[in-house]
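Heads up, final39.pdb below (PDB, C-alpha atoms):
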```pdb
ATOM      1  CA  MET R   1      -2.585  -6.822  27.398  1.00  0.00           C
ATOM      2  CA  LYS R   2       0.084  -4.407  26.190  1.00  0.00           C
ATOM      3  CA  SER R   3       0.343  -0.896  27.486  1.00  0.00           C
ATOM      4  CA  ASN R   4       0.114   2.084  25.148  1.00  0.00           C
ATOM      5  CA  HIS R   5       3.846   2.613  25.614  1.00  0.00           C
ATOM      6  CA  HIS R   6       4.651  -0.860  24.273  1.00  0.00           C
ATOM      7  CA  ALA R   7       2.137  -0.551  21.440  1.00  0.00           C
ATOM      8  CA  ARG R   8       3.744   2.720  20.335  1.00  0.00           C
ATOM      9  CA  LYS R   9       7.211   1.118  20.417  1.00  0.00           C
ATOM     10  CA  GLU R  10       6.004  -1.573  18.016  1.00  0.00           C
ATOM     11  CA  GLN R  11       4.788   0.907  15.401  1.00  0.00           C
ATOM     12  CA  VAL R  12       6.528   0.656  12.072  1.00  0.00           C
ATOM     13  CA  HIS R  13       7.708   3.935  10.572  1.00  0.00           C
ATOM     14  CA  THR R  14       7.805   3.302   6.865  1.00  0.00           C
ATOM     15  CA  GLY R  15       9.065   6.690   5.816  1.00  0.00           C
ATOM     16  CA  ILE R  16       6.547   6.710   2.973  1.00  0.00           C
ATOM     17  CA  ASN R  17       4.313   9.756   2.750  1.00  0.00           C
ATOM     18  CA  THR R  18       0.809   9.756   1.350  1.00  0.00           C
ATOM     19  CA  GLN R  19      -0.993  12.660  -0.182  1.00  0.00           C
ATOM     20  CA  LEU R  20      -4.063  14.018   1.575  1.00  0.00           C
ATOM     21  CA  SER R  21      -7.259  14.696  -0.353  1.00  0.00           C
ATOM     22  CA  SER R  22      -6.500  18.410  -0.047  1.00  0.00           C
ATOM     23  CA  GLY R  23      -3.300  17.824  -2.058  1.00  0.00           C
ATOM     24  CA  GLU R  24      -0.883  18.465   0.790  1.00  0.00           C
ATOM     25  CA  LEU R  25       1.441  15.918   2.369  1.00  0.00           C
ATOM     26  CA  PRO R  26       0.912  14.868   5.984  1.00  0.00           C
ATOM     27  CA  SER R  27       3.533  15.966   8.479  1.00  0.00           C
ATOM     28  CA  THR R  28       4.371  12.406   9.548  1.00  0.00           C
ATOM     29  CA  PRO R  29       5.040   9.203   7.575  1.00  0.00           C
ATOM     30  CA  LEU R  30       2.618   6.300   7.569  1.00  0.00           C
ATOM     31  CA  GLN R  31       2.742   4.482  10.866  1.00  0.00           C
ATOM     32  CA  LEU R  32       1.511   0.923  10.820  1.00  0.00           C
ATOM     33  CA  THR R  33       1.714  -1.647  13.547  1.00  0.00           C
ATOM     34  CA  PRO R  34       2.994  -5.125  12.634  1.00  0.00           C
ATOM     35  CA  MET R  35      -0.597  -6.378  12.731  1.00  0.00           C
ATOM     36  CA  GLU R  36      -1.727  -3.651  10.303  1.00  0.00           C
ATOM     37  CA  LEU R  37       1.069  -4.564   7.881  1.00  0.00           C
ATOM     38  CA  HIS R  38      -0.381  -8.081   7.550  1.00  0.00           C
ATOM     39  CA  ARG R  39      -3.876  -6.821   6.830  1.00  0.00           C
ATOM     40  CA  ALA R  40      -5.719  -7.137   3.540  1.00  0.00           C
ATOM     41  CA  ILE R  41      -6.656  -3.701   2.235  1.00  0.00           C
ATOM     42  CA  ARG R  42      -9.199  -2.679  -0.386  1.00  0.00           C
ATOM     43  CA  LEU R  43      -8.659  -0.369  -3.338  1.00  0.00           C
ATOM     44  CA  PRO R  44      -9.581   2.948  -1.659  1.00  0.00           C
ATOM     45  CA  GLU R  45      -6.862   2.412   0.937  1.00  0.00           C
ATOM     46  CA  VAL R  46      -4.334   1.356  -1.733  1.00  0.00           C
ATOM     47  CA  LEU R  47      -5.099   4.578  -3.597  1.00  0.00           C
ATOM     48  CA  ARG R  48      -4.699   6.656  -0.413  1.00  0.00           C
ATOM     49  CA  MET R  49      -1.365   4.992   0.325  1.00  0.00           C
ATOM     50  CA  THR R  50      -0.006   5.443  -3.191  1.00  0.00           C
ATOM     51  CA  GLY R  51      -1.548   8.804  -4.003  1.00  0.00           C
ATOM     52  CA  MET R  52      -2.587   7.369  -7.378  1.00  0.00           C
ATOM     53  CA  SER R  53      -5.903   7.539  -9.190  1.00  0.00           C
ATOM     54  CA  ARG R  54      -7.967   4.402  -9.737  1.00  0.00           C
ATOM     55  CA  SER R  55      -7.237   4.343 -13.493  1.00  0.00           C
ATOM     56  CA  SER R  56      -3.492   4.895 -12.967  1.00  0.00           C
ATOM     57  CA  TRP R  57      -3.301   2.070 -10.424  1.00  0.00           C
ATOM     58  CA  TYR R  58      -5.171  -0.380 -12.620  1.00  0.00           C
ATOM     59  CA  ALA R  59      -3.025   0.628 -15.630  1.00  0.00           C
ATOM     60  CA  LEU R  60       0.037  -0.181 -13.528  1.00  0.00           C
ATOM     61  CA  ILE R  61      -1.133  -3.744 -12.802  1.00  0.00           C
ATOM     62  CA  ASN R  62      -2.590  -4.544 -16.247  1.00  0.00           C
ATOM     63  CA  PRO R  63      -0.034  -6.580 -18.250  1.00  0.00           C
ATOM     64  CA  ARG R  64      -1.704  -5.608 -21.546  1.00  0.00           C
ATOM     65  CA  LEU R  65      -0.878  -1.915 -21.080  1.00  0.00           C
ATOM     66  CA  GLN R  66       2.374  -0.079 -21.716  1.00  0.00           C
ATOM     67  CA  THR R  67       2.349   1.317 -18.154  1.00  0.00           C
ATOM     68  CA  TYR R  68       2.405  -2.201 -16.649  1.00  0.00           C
ATOM     69  CA  ASP R  69       4.857  -2.725 -13.807  1.00  0.00           C
ATOM     70  CA  SER R  70       5.555  -6.388 -13.076  1.00  0.00           C
ATOM     71  CA  LYS R  71       6.800  -5.441  -9.605  1.00  0.00           C
ATOM     72  CA  ALA R  72       3.506  -3.844  -8.553  1.00  0.00           C
ATOM     73  CA  PRO R  73       1.602  -5.942  -5.989  1.00  0.00           C
ATOM     74  CA  ARG R  74      -1.026  -8.274  -7.385  1.00  0.00           C
ATOM     75  CA  PRO R  75      -4.571  -8.211  -6.008  1.00  0.00           C
ATOM     76  CA  PHE R  76      -6.291 -11.333  -4.730  1.00  0.00           C
ATOM     77  CA  LYS R  77      -9.960 -12.193  -4.333  1.00  0.00           C
ATOM     78  CA  LEU R  78     -11.573 -12.241  -0.903  1.00  0.00           C
ATOM     79  CA  GLY R  79     -13.916 -15.018  -1.969  1.00  0.00           C
ATOM     80  CA  THR R  80     -14.343 -17.756  -4.539  1.00  0.00           C
ATOM     81  CA  SER R  81     -16.625 -15.894  -6.950  1.00  0.00           C
ATOM     82  CA  ASP R  82     -15.416 -13.761  -9.864  1.00  0.00           C
ATOM     83  CA  ARG R  83     -17.520 -11.011  -8.288  1.00  0.00           C
ATOM     84  CA  SER R  84     -15.721 -11.263  -4.945  1.00  0.00           C
ATOM     85  CA  PRO R  85     -13.938  -8.050  -3.953  1.00  0.00           C
ATOM     86  CA  SER R  86     -10.218  -7.690  -4.603  1.00  0.00           C
ATOM     87  CA  ALA R  87      -7.687  -6.826  -1.923  1.00  0.00           C
ATOM     88  CA  TRP R  88      -3.953  -6.291  -1.529  1.00  0.00           C
ATOM     89  CA  TRP R  89      -1.637  -7.003   1.394  1.00  0.00           C
ATOM     90  CA  ALA R  90      -0.668  -3.713   3.068  1.00  0.00           C
ATOM     91  CA  TRP R  91       2.956  -4.801   3.432  1.00  0.00           C
ATOM     92  CA  GLU R  92       3.216  -5.545  -0.306  1.00  0.00           C
ATOM     93  CA  VAL R  93       1.925  -2.087  -1.233  1.00  0.00           C
ATOM     94  CA  LEU R  94       4.344  -0.446   1.206  1.00  0.00           C
ATOM     95  CA  ALA R  95       7.253  -2.580  -0.032  1.00  0.00           C
ATOM     96  CA  TYR R  96       6.439  -1.572  -3.622  1.00  0.00           C
ATOM     97  CA  LEU R  97       6.382   2.119  -2.691  1.00  0.00           C
ATOM     98  CA  GLN R  98       9.654   1.742  -0.808  1.00  0.00           C
ATOM     99  CA  SER R  99      11.289   0.033  -3.796  1.00  0.00           C
ATOM    100  CA  LYS R 100      10.188   2.909  -6.035  1.00  0.00           C
ATOM    101  CA  SER R 101      11.555   5.402  -3.534  1.00  0.00           C
ATOM    102  CA  ASN R 102      14.871   3.526  -3.312  1.00  0.00           C
ATOM    103  CA  ALA R 103      15.155   3.342  -7.115  1.00  0.00           C
ATOM    104  CA  ARG R 104      14.671   7.095  -7.306  1.00  0.00           C
ATOM    105  CA  ARG R 105      17.582   7.665  -4.902  1.00  0.00           C
ATOM    106  CA  VAL R 106      19.911   5.549  -7.044  1.00  0.00           C
ATOM    107  CA  HIS R 107      19.381   7.635 -10.195  1.00  0.00           C
TER
END
```

Target encoding structure tokens, full file:
Amino acid sequence: MKSNHHARKEQVHTGINTQLSSGELPSTPLQLTPMELHRAIRLPEVLRMTGMSRSSWYALINPRLQTYDSKAPRPFKLGTSDRSPSAWWAWEVLAYLQSKSNARRVH
């Protein structure tokens, strides 16, 4: 079993800030362990990470809409039914946010 010291050393500092429900930014960036990065996350967590509304997020991943972004992470089903819940990989959402942040710095 790892000590707290080693667990803290393994944390990933993404440098991506999320907006709190009160509208203010947290004082520290998201900190995810390697195990958390490889976790499937549901829509509410995606929205917290991105700071986007549900309709804005779905508009971003809908190829029929003008706001579509082909680089946005694709959801996958957690089961075999059409009614199975959708999820995203945490690392894909973070990588997408990082790519948007990097693109902003270039311009």

Under the rule that all atoms listed in the file are counted, which of R:Asp82, R:Lys100, R:Trp57, R:Arg64 is the nearest residue to Leu43 of chain R?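 Using all atoms listed in the file, the shortest distance to Leu43 of chain R belongs to R:Trp57.
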
Report, in Å with one decimal, the straight-line distance from atom CA of Ile41 of chain R to atom CA of Arg104 of chain R.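 Separation of atom CA of Ile41 of chain R and atom CA of Arg104 of chain R: 25.7 Å.
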
Tell me, as a short mmCIF file (atom, residue, chain, number, x, y, z; two decimals) with C-alpha atoms, keeping the file's coordinate frame, which residues lie within 9 Å of Ile61 of chain R, counting only C-alpha atoms; anything in the same chain fewer than 5 positions away does not count.
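Result saved to part_1.cif:
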```cif
data_model
loop_
_atom_site.label_atom_id
_atom_site.label_comp_id
_atom_site.auth_asym_id
_atom_site.auth_seq_id
_atom_site.Cartn_x
_atom_site.Cartn_y
_atom_site.Cartn_z
CA SER R 56 -3.49 4.89 -12.97
CA THR R 67 2.35 1.32 -18.15
CA TYR R 68 2.40 -2.20 -16.65
CA ASP R 69 4.86 -2.72 -13.81
CA SER R 70 5.56 -6.39 -13.08
CA LYS R 71 6.80 -5.44 -9.60
CA ALA R 72 3.51 -3.84 -8.55
CA PRO R 73 1.60 -5.94 -5.99
CA ARG R 74 -1.03 -8.27 -7.38
CA PRO R 75 -4.57 -8.21 -6.01
#
```

Kindly indicate which residue among R:Gln66, R:Thr33, R:Thr50, R:Ser81 lies nearest to Leu97 of chain R, using only C-alpha atoms for the distances.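 Closest residue, counting only C-alpha atoms: R:Thr50.
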
Could you work out how far atom CA of Thr80 of chain R lies from atom CA of Pro34 of chain R, giving the answer in Å with one decimal?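 Going from atom CA of Pro34 of chain R over to atom CA of Thr80 of chain R covers 27.5 Å.
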
Using Å and a single decimal, report how far atom CA of Val46 of chain R sits from atom CA of Gln98 of chain R.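 Here the two named atoms are 14.0 Å from each other.
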
Which residues match the PyMOL selection byres ((chain R and resi 91) around 8) in the file above, as a VMD selection string? chain R and resid 37 to 39 89 to 90 92 to 95

Counting all atoms listed in the file, the option among R:Tyr96, R:Met35, R:Asn102, R:Leu78 closest to Met49 of chain R: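 Of R:Tyr96, R:Met35, R:Asn102, R:Leu78, the one nearest Met49 of chain R, counting all atoms listed in the file, is R:Tyr96.
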
Could you pull the residues within 10 Å of Lys77 of chain R, counting all atoms listed in the file, minus those fewer than 5 positions along the same chain, as JSON, numbers by chain? {"R": [82, 83, 84, 85, 86, 87, 88]}
